[in-house]
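A.B. asks: This is protein_18.txt, which holds compact mmCIF, C-alpha atoms:
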# COMPACT_ATOMS: atom_id res chain seq x y z
CA MET A 20 0.00 0.00 0.00
CA THR A 21 1.41 3.39 -0.93
CA GLY A 22 0.14 6.90 -0.42
CA SER A 23 -0.90 9.32 -3.11
CA ALA A 24 2.46 11.05 -2.98
CA GLY A 25 4.23 7.72 -3.16
CA GLU A 26 4.89 7.78 0.56
CA PRO A 27 4.61 4.46 2.31
CA VAL A 28 1.75 3.81 4.67
CA LEU A 29 3.05 2.76 8.04
CA GLN A 30 1.00 0.36 10.08
CA ARG A 31 0.91 -0.42 13.78
CA ASP A 32 -1.16 -3.02 15.61
CA VAL A 33 -2.28 -1.89 19.04
CA THR A 34 -4.58 -3.22 21.75
CA ILE A 35 -6.65 -1.15 24.14
CA VAL A 36 -5.44 -2.00 27.66
CA ASN A 37 -7.21 0.43 30.00
CA VAL A 38 -10.24 -0.84 31.92
CA GLN A 39 -12.62 1.83 30.65
CA GLY A 40 -11.72 1.40 27.01
CA LEU A 41 -11.65 4.21 24.47
CA HIS A 42 -14.26 6.36 26.22
CA ALA A 43 -14.93 10.04 25.57
CA ARG A 44 -12.03 11.57 27.46
CA ALA A 45 -9.59 8.97 26.15
CA ALA A 46 -10.89 9.59 22.63
CA LYS A 47 -10.28 13.31 23.09
CA GLN A 48 -6.68 12.69 24.17
CA PHE A 49 -6.19 10.34 21.27
CA VAL A 50 -7.45 12.92 18.76
CA GLU A 51 -5.42 15.73 20.32
CA THR A 52 -2.29 13.61 20.08
CA ALA A 53 -2.98 12.69 16.45
CA ARG A 54 -3.52 16.34 15.58
CA ARG A 55 -0.03 17.27 16.70
CA PHE A 56 1.21 15.59 13.54
CA GLU A 57 0.91 16.41 9.87
CA ALA A 58 0.50 12.78 8.87
CA HIS A 59 -2.82 11.42 7.69
CA ILE A 60 -3.76 8.82 10.29
CA THR A 61 -6.55 6.28 10.37
CA VAL A 62 -7.68 3.82 13.01
CA ALA A 63 -9.27 0.54 12.04
CA LYS A 64 -11.35 -1.77 14.19
CA GLY A 65 -12.08 -4.77 12.01
CA ARG A 66 -13.56 -3.36 8.83
CA GLN A 67 -14.44 0.00 10.36
CA ILE A 68 -11.84 2.62 9.45
CA VAL A 69 -12.02 6.12 10.92
CA ASP A 70 -10.05 9.36 10.91
CA ALA A 71 -7.78 9.51 13.97
CA LYS A 72 -8.15 13.31 14.06
CA ASP A 73 -11.94 13.39 14.28
CA ILE A 74 -13.36 13.11 17.81
CA TRP A 75 -16.78 11.93 16.58
CA ASP A 76 -15.15 9.29 14.42
CA VAL A 77 -12.94 7.99 17.20
CA MET A 78 -15.86 7.77 19.65
CA THR A 79 -17.75 5.56 17.22
CA LEU A 80 -15.09 2.86 17.63
CA ALA A 81 -16.53 1.84 21.02
CA ALA A 82 -13.25 0.07 21.66
CA GLU A 83 -13.32 -1.85 24.92
CA ARG A 84 -10.32 -3.22 26.78
CA GLY A 85 -8.79 -5.97 24.69
CA THR A 86 -9.95 -4.52 21.39
CA ALA A 87 -7.33 -4.79 18.63
CA LEU A 88 -6.93 -1.68 16.50
CA VAL A 89 -4.76 -0.99 13.50
CA LEU A 90 -3.21 2.45 13.20
CA ARG A 91 -2.12 3.57 9.77
CA GLY A 92 -0.17 6.73 9.01
CA ARG A 93 1.05 8.40 5.88
CA GLY A 94 3.27 11.44 5.78
CA ALA A 95 6.68 12.73 6.80
CA ASP A 96 6.01 12.39 10.54
CA ALA A 97 3.86 9.27 10.36
CA GLU A 98 6.28 7.16 12.35
CA GLU A 99 6.45 9.68 15.22
CA ALA A 100 2.67 9.97 15.16
CA LEU A 101 2.16 6.21 15.43
CA ASP A 102 4.78 6.07 18.19
CA ALA A 103 2.94 8.77 20.16
CA LEU A 104 -0.48 7.14 19.75
CA ASP A 105 0.90 3.72 20.59
CA ALA A 106 2.53 5.14 23.72
CA LEU A 107 -0.68 6.90 24.77
CA ILE A 108 -2.69 3.68 24.48
CA LYS A 109 -0.02 1.69 26.35
CA ALA A 110 0.04 4.38 29.07
CA LYS A 111 -3.72 3.81 29.50
CA PHE A 112 -4.35 7.44 28.59
CA HIS A 113 -2.54 8.43 31.80
CA GLU A 114 -5.62 7.96 33.90
CA GLU A 115 -5.24 4.72 35.79
CA GLN A 116 -2.91 3.58 38.52
CA MET B 10 -27.30 -0.29 20.69
CA LYS B 11 -30.24 1.88 19.61
CA PHE B 12 -31.47 5.10 21.15
CA ARG B 13 -34.59 3.27 22.23
CA ASP B 14 -32.39 0.97 24.30
CA PHE B 15 -31.24 3.74 26.60
CA LEU B 16 -32.87 7.08 25.85
CA ARG B 17 -35.98 7.70 27.93
CA ARG B 18 -38.67 9.15 25.65
CA ASP B 19 -40.33 10.59 28.73
CA ALA B 20 -37.11 12.39 29.68
CA VAL B 21 -36.79 14.49 26.55
CA VAL B 22 -36.81 18.16 27.45
CA TYR B 23 -37.65 20.19 24.39
CA ASP B 24 -37.34 23.61 25.95
CA MET B 25 -34.67 23.63 28.62
CA GLN B 26 -34.75 26.53 31.04
CA ALA B 27 -31.24 26.26 32.48
CA THR B 28 -28.81 29.03 31.66
CA ASP B 29 -25.64 27.50 33.08
CA LYS B 30 -23.95 24.14 32.99
CA ARG B 31 -24.78 22.94 36.49
CA ALA B 32 -28.43 23.95 36.17
CA ALA B 33 -28.63 22.16 32.82
CA LEU B 34 -27.29 18.96 34.35
CA GLU B 35 -29.74 19.31 37.23
CA GLU B 36 -32.64 19.90 34.86
CA LEU B 37 -31.96 16.71 32.91
CA VAL B 38 -31.35 14.60 36.03
CA GLU B 39 -34.63 15.95 37.43
CA ALA B 40 -36.35 14.89 34.21
CA LEU B 41 -35.04 11.36 34.75
CA ALA B 42 -36.06 11.41 38.42
CA ALA B 43 -39.55 12.68 37.55
CA VAL B 44 -40.20 9.52 35.49
CA LYS B 45 -38.45 7.31 38.07
CA ALA B 46 -35.62 6.40 35.70
CA VAL B 47 -33.40 7.34 38.65
CA LYS B 48 -34.29 7.74 42.31
CA LYS B 49 -34.99 11.26 43.48
CA SER B 50 -32.72 10.63 46.45
CA ASP B 51 -29.85 9.75 44.08
CA ALA B 52 -30.20 12.95 42.04
CA PRO B 53 -27.72 15.09 44.01
CA ALA B 54 -25.02 12.41 43.82
CA ILE B 55 -25.65 11.99 40.09
CA VAL B 56 -25.36 15.73 39.47
CA SER B 57 -22.11 15.79 41.49
CA ALA B 58 -20.70 12.94 39.41
CA LEU B 59 -21.64 14.75 36.19
CA VAL B 60 -20.06 18.00 37.40
CA LYS B 61 -16.94 16.12 38.46
CA ARG B 62 -16.67 14.62 35.01
CA GLU B 63 -17.14 18.02 33.37
CA ASN B 64 -14.33 19.37 35.51
CA LEU B 65 -11.97 16.85 33.92
CA GLY B 66 -12.79 18.35 30.54
CA SER B 67 -15.99 19.61 28.98
CA THR B 68 -18.19 17.07 27.21
CA GLY B 69 -19.23 19.88 24.89
CA ILE B 70 -17.39 18.53 21.89
CA GLY B 71 -18.57 20.92 19.23
CA ARG B 72 -21.46 21.47 16.83
CA GLY B 73 -23.55 22.85 19.69
CA VAL B 74 -23.79 19.43 21.28
CA ALA B 75 -22.70 18.06 24.65
CA VAL B 76 -22.68 14.51 25.95
CA PRO B 77 -22.51 14.86 29.73
CA HIS B 78 -22.09 11.46 31.32
CA ALA B 79 -21.18 9.69 34.52
CA ARG B 80 -20.71 6.18 35.75
CA ILE B 81 -22.19 5.82 39.14
CA ASP B 82 -23.03 2.93 41.47
CA CYS B 83 -26.74 3.73 41.81
CA ILE B 84 -27.26 3.08 38.07
CA ARG B 85 -27.68 -0.49 36.86
CA LYS B 86 -28.61 -0.19 33.20
CA VAL B 87 -27.44 2.63 30.96
CA VAL B 88 -30.06 5.37 30.78
CA GLY B 89 -30.18 8.68 28.97
CA ALA B 90 -32.05 11.95 28.68
CA LEU B 91 -32.12 14.46 25.86
CA GLY B 92 -32.39 18.20 26.24
CA ARG B 93 -32.65 21.05 23.78
CA SER B 94 -32.02 24.67 24.63
CA GLU B 95 -33.17 27.45 22.36
CA ALA B 96 -30.89 30.06 23.92
CA GLY B 97 -27.95 27.70 24.39
CA VAL B 98 -26.10 26.84 27.58
CA PRO B 99 -22.50 27.97 28.22
CA PHE B 100 -20.63 24.69 28.52
CA ASN B 101 -16.91 25.49 28.09
CA ALA B 102 -17.25 23.54 24.86
CA LEU B 103 -14.14 22.77 22.84
CA ASP B 104 -15.20 25.26 20.19
CA GLY B 105 -16.20 27.83 22.82
CA LYS B 106 -19.81 27.95 21.63
CA PRO B 107 -22.87 27.39 23.80
CA VAL B 108 -24.58 24.02 23.53
CA HIS B 109 -28.11 23.60 22.27
CA VAL B 110 -28.44 19.82 22.36
CA LEU B 111 -27.51 17.68 25.35
CA PHE B 112 -27.42 13.91 25.45
CA LEU B 113 -27.03 12.94 29.09
CA MET B 114 -25.94 9.38 29.79
CA LEU B 115 -25.67 7.50 33.05
CA SER B 116 -24.21 4.07 33.39
CA SER B 117 -22.92 1.57 35.87
CA PRO B 118 -19.20 1.63 36.65
CA ASP B 119 -19.28 -2.14 36.04
CA ASN B 120 -20.65 -2.00 32.56
CA THR B 121 -18.09 -0.43 30.29
CA ALA B 122 -19.45 -2.13 27.18
CA ASP B 123 -22.90 -0.54 27.47
CA HIS B 124 -21.41 2.85 28.20
CA LEU B 125 -19.22 2.69 25.10
CA ALA B 126 -22.10 1.39 22.99
CA ALA B 127 -24.35 4.29 24.01
CA LEU B 128 -21.54 6.76 23.38
CA GLU B 129 -20.93 5.19 19.99
CA ARG B 130 -24.62 5.56 19.11
CA VAL B 131 -24.66 9.22 20.03
CA ALA B 132 -21.34 10.00 18.31
CA ARG B 133 -22.44 8.30 15.11
CA ILE B 134 -25.49 10.50 14.60
CA LEU B 135 -23.79 13.66 15.81
CA LYS B 136 -21.06 13.19 13.23
CA ASP B 137 -23.76 14.29 10.81
CA GLU B 138 -23.83 18.07 11.01
CA THR B 139 -27.18 18.26 9.29
CA PHE B 140 -28.69 16.00 11.90
CA CYS B 141 -27.27 18.20 14.68
CA ARG B 142 -28.96 21.17 13.04
CA PHE B 143 -32.26 19.31 12.73
CA LEU B 144 -32.17 18.46 16.44
CA ARG B 145 -31.44 22.04 17.31
CA GLN B 146 -34.22 23.33 15.06
CA ALA B 147 -36.83 20.78 16.12
CA ARG B 148 -40.23 22.39 16.46
CA GLY B 149 -41.41 20.52 19.49
CA GLN B 150 -41.12 17.43 21.66
CA GLU B 151 -42.70 15.19 19.01
CA ASP B 152 -40.44 16.54 16.31
CA LEU B 153 -37.40 15.80 18.46
CA LEU B 154 -38.59 12.25 19.17
CA ASP B 155 -39.35 11.68 15.47
CA LEU B 156 -35.76 12.61 14.60
CA ILE B 157 -34.42 10.12 17.13
CA ASP B 158 -36.76 7.40 15.85
CA GLU B 159 -35.67 8.10 12.29
CA ALA B 160 -32.04 7.73 13.33
CA ASP B 161 -32.82 4.30 14.82
CA GLN B 162 -34.73 3.28 11.70
CA ASP B 163 -31.91 4.39 9.40
CA GLU B 164 -29.63 2.22 11.45
CA GLU B 165 -31.90 -0.79 10.99
CA SER B 166 -32.29 -0.36 7.25
CA ARG B 167 -28.56 -0.26 6.67
Starting from the file, lay out its structure as structure tokens.
C.D. replies:
Amino acid sequence: MTGSAGEPVLQRDVTIVNVQGLHARAAKQFVETARRFEAHITVAKGRQIVDAKDIWDVMTLAAERGTALVLRGRGADAEEALDALDALIKAKFHEEQ
Amino acid sequence: MKFRDFLRRDAVVYDMQATDKRAALEELVEALAAVKAVKKSDAPAIVSALVKRENLGSTGIGRGVAVPHARIDCIRKVVGALGRSEAGVPFNALDGKPVHVLFLMLSSPDNTADHLAALERVARILKDETFCRFLRQARGQEDLLDLIDEADQDEESR
């Protein structure tokens, strides 16, 4: 898979680990993090693919703990973006002990 | 999950009177208490939980819509109320604008799946800007309920 500008699409498999799942506040943090980057980023849950920078989109994932998601990024800073989102998910959105 | 699975049709407030956030939350919780969807004695604790959640970050996420919510022990099954304010309620929304449509959701701390499913349902229709405008411009209680029913029907016919 390549991007329109010939840039590769990077992919990262992640799993939601926090007890509350990707709830509203977590979704907001996720979107804010994604927006720090220029890269075009999508999140897929099964066949559902949404824009990582759209709060409404991300809330429609209803991703519970244990849900596998696939992050895809395209653009100069795609790798950094995926790293940041991956870290945020692993850090349980900084809200649990 | 459909709206009919959690949204109380008898707790739809077409013409909210509240002019600030706390009063708006109280008004919708009172609407739920009035139809015994929550206990009257639990109302203050529910309002506190909603306010506490708002203090972590406004649930006014744009388009004139807010989704105040709380997970609280006195709630077993996810339940929701809908409010519409003609004048708009200041809500510290992300876009700074007052909110005109409020979907209030209460759920059990033990049932994350239902909470996320209800949130997903609300987010999916509110993604549609036209639908947000329709809700805001609804001409009465029945009109508001018809819009919600249509949203559920669209979902079924997909």
A.B. asks: Identify the residues around (-21.8, 17.4, 22.3) within a radius of 8 Å, measuring from all atoms listed in the file in the coordinates stated by the file, and give them as number ranges by chain.
C.D. replies: B: 68-77, 108, 110-112, 135
A.B. asks: List as a PDB file with C-alpha atoms, in the coordinates of the input the protein and nucleic acid residues near Ala147 in chain B, meaning an atom at most 12 Å away when all atoms listed in the file are counted, but skip any in the same chain fewer than 3 places from it.
C.D. replies:
ATOM      1  CA  VAL B  22     -36.810  18.160  27.450  1.00  0.00           C
ATOM      2  CA  TYR B  23     -37.650  20.190  24.390  1.00  0.00           C
ATOM      3  CA  ASP B  24     -37.340  23.610  25.950  1.00  0.00           C
ATOM      4  CA  GLY B  92     -32.390  18.200  26.240  1.00  0.00           C
ATOM      5  CA  ARG B  93     -32.650  21.050  23.780  1.00  0.00           C
ATOM      6  CA  SER B  94     -32.020  24.670  24.630  1.00  0.00           C
ATOM      7  CA  GLU B  95     -33.170  27.450  22.360  1.00  0.00           C
ATOM      8  CA  HIS B 109     -28.110  23.600  22.270  1.00  0.00           C
ATOM      9  CA  VAL B 110     -28.440  19.820  22.360  1.00  0.00           C
ATOM     10  CA  PHE B 140     -28.690  16.000  11.900  1.00  0.00           C
ATOM     11  CA  CYS B 141     -27.270  18.200  14.680  1.00  0.00           C
ATOM     12  CA  ARG B 142     -28.960  21.170  13.040  1.00  0.00           C
ATOM     13  CA  PHE B 143     -32.260  19.310  12.730  1.00  0.00           C
ATOM     14  CA  LEU B 144     -32.170  18.460  16.440  1.00  0.00           C
ATOM     15  CA  GLN B 150     -41.120  17.430  21.660  1.00  0.00           C
ATOM     16  CA  GLU B 151     -42.700  15.190  19.010  1.00  0.00           C
ATOM     17  CA  ASP B 152     -40.440  16.540  16.310  1.00  0.00           C
ATOM     18  CA  LEU B 153     -37.400  15.800  18.460  1.00  0.00           C
ATOM     19  CA  LEU B 154     -38.590  12.250  19.170  1.00  0.00           C
ATOM     20  CA  ASP B 155     -39.350  11.680  15.470  1.00  0.00           C
ATOM     21  CA  LEU B 156     -35.760  12.610  14.600  1.00  0.00           C
ATOM     22  CA  ILE B 157     -34.420  10.120  17.130  1.00  0.00           C
TER      23      ILE B 157
END
A.B. asks: Mind listing whatever residues come within 10 Å of the point (-12.0, -8.3, 13.6)? Use only C-alpha atoms, file coordinates, and give them as a VMD selection string.
C.D. replies: chain A and resid 63 to 67 86 to 88
A.B. asks: Enumerate, in order of chain and increasing residue number, the residues of chain A with an atom no farther than 7 Å from chain B, each with its shortest atom pair and distance in Å to one decimal, counting all atoms listed in the file, as a tab-separated table.
C.D. replies:
residue	atom	partner	partner_atom	distance
A:Gln39	CA	B:Thr121	CA	5.9
A:His42	CA	B:Leu125	CA	6.3
A:Trp75	CA	B:Ala132	CA	5.2
A:Met78	CA	B:Glu129	CA	5.7
A:Thr79	CA	B:Glu129	CA	4.2
A:Leu80	CA	B:Glu129	CA	6.7
A:Ala81	CA	B:Leu125	CA	5.0
A:Glu83	CA	B:Ala122	CA	6.5
A.B. asks: Since we have the selection now, will you write its residues out, keeping C-alpha atoms, as a PDB file, in the coordinates of the input?
C.D. replies:
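Printed below is part.pdb as written:
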ATOM      1  CA  GLN A  39     -12.620   1.830  30.650  1.00  0.00           C
ATOM      2  CA  HIS A  42     -14.260   6.360  26.220  1.00  0.00           C
ATOM      3  CA  TRP A  75     -16.780  11.930  16.580  1.00  0.00           C
ATOM      4  CA  MET A  78     -15.860   7.770  19.650  1.00  0.00           C
ATOM      5  CA  THR A  79     -17.750   5.560  17.220  1.00  0.00           C
ATOM      6  CA  LEU A  80     -15.090   2.860  17.630  1.00  0.00           C
ATOM      7  CA  ALA A  81     -16.530   1.840  21.020  1.00  0.00           C
ATOM      8  CA  GLU A  83     -13.320  -1.850  24.920  1.00  0.00           C
TER       9      GLU A  83
END
A.B. asks: Enter the distance from CA of Ala100 in chain A to CA of Ala58 in chain A, in Å, rounded to one decimal.
C.D. replies: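 A separation of 7.2 Å between them.
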A.B. asks: For Ile60 in chain A, list every protein, DNA or RNA residue within 8 Å, evaluated using all atoms listed in the file, and leave out those in the same chain fewer than 3 positions away; present the list as a ChimeraX atom specification.
C.D. replies: /A:53,70-72,90-93,97
A.B. asks: Which residue, A:Gly40, A:Ala95, A:Phe56, A:Ala45, has the smallest gap to Gly25 in chain A when you use all atoms listed in the file?
C.D. replies: A:Ala95
A.B. asks: What does the structure give for the distance between CA of Ala27 in chain B and CA of Ala40 in chain B, in Å to one decimal?
C.D. replies: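 Here the two named atoms are 12.6 Å from each other.
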A.B. asks: Could you jot down the CA of Lys48 in chain B to CA of Glu63 in chain B separation for me, Å, one decimal place?
C.D. replies: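 About the pair CA of Lys48 in chain B and CA of Glu63 in chain B: they are 21.9 Å apart.
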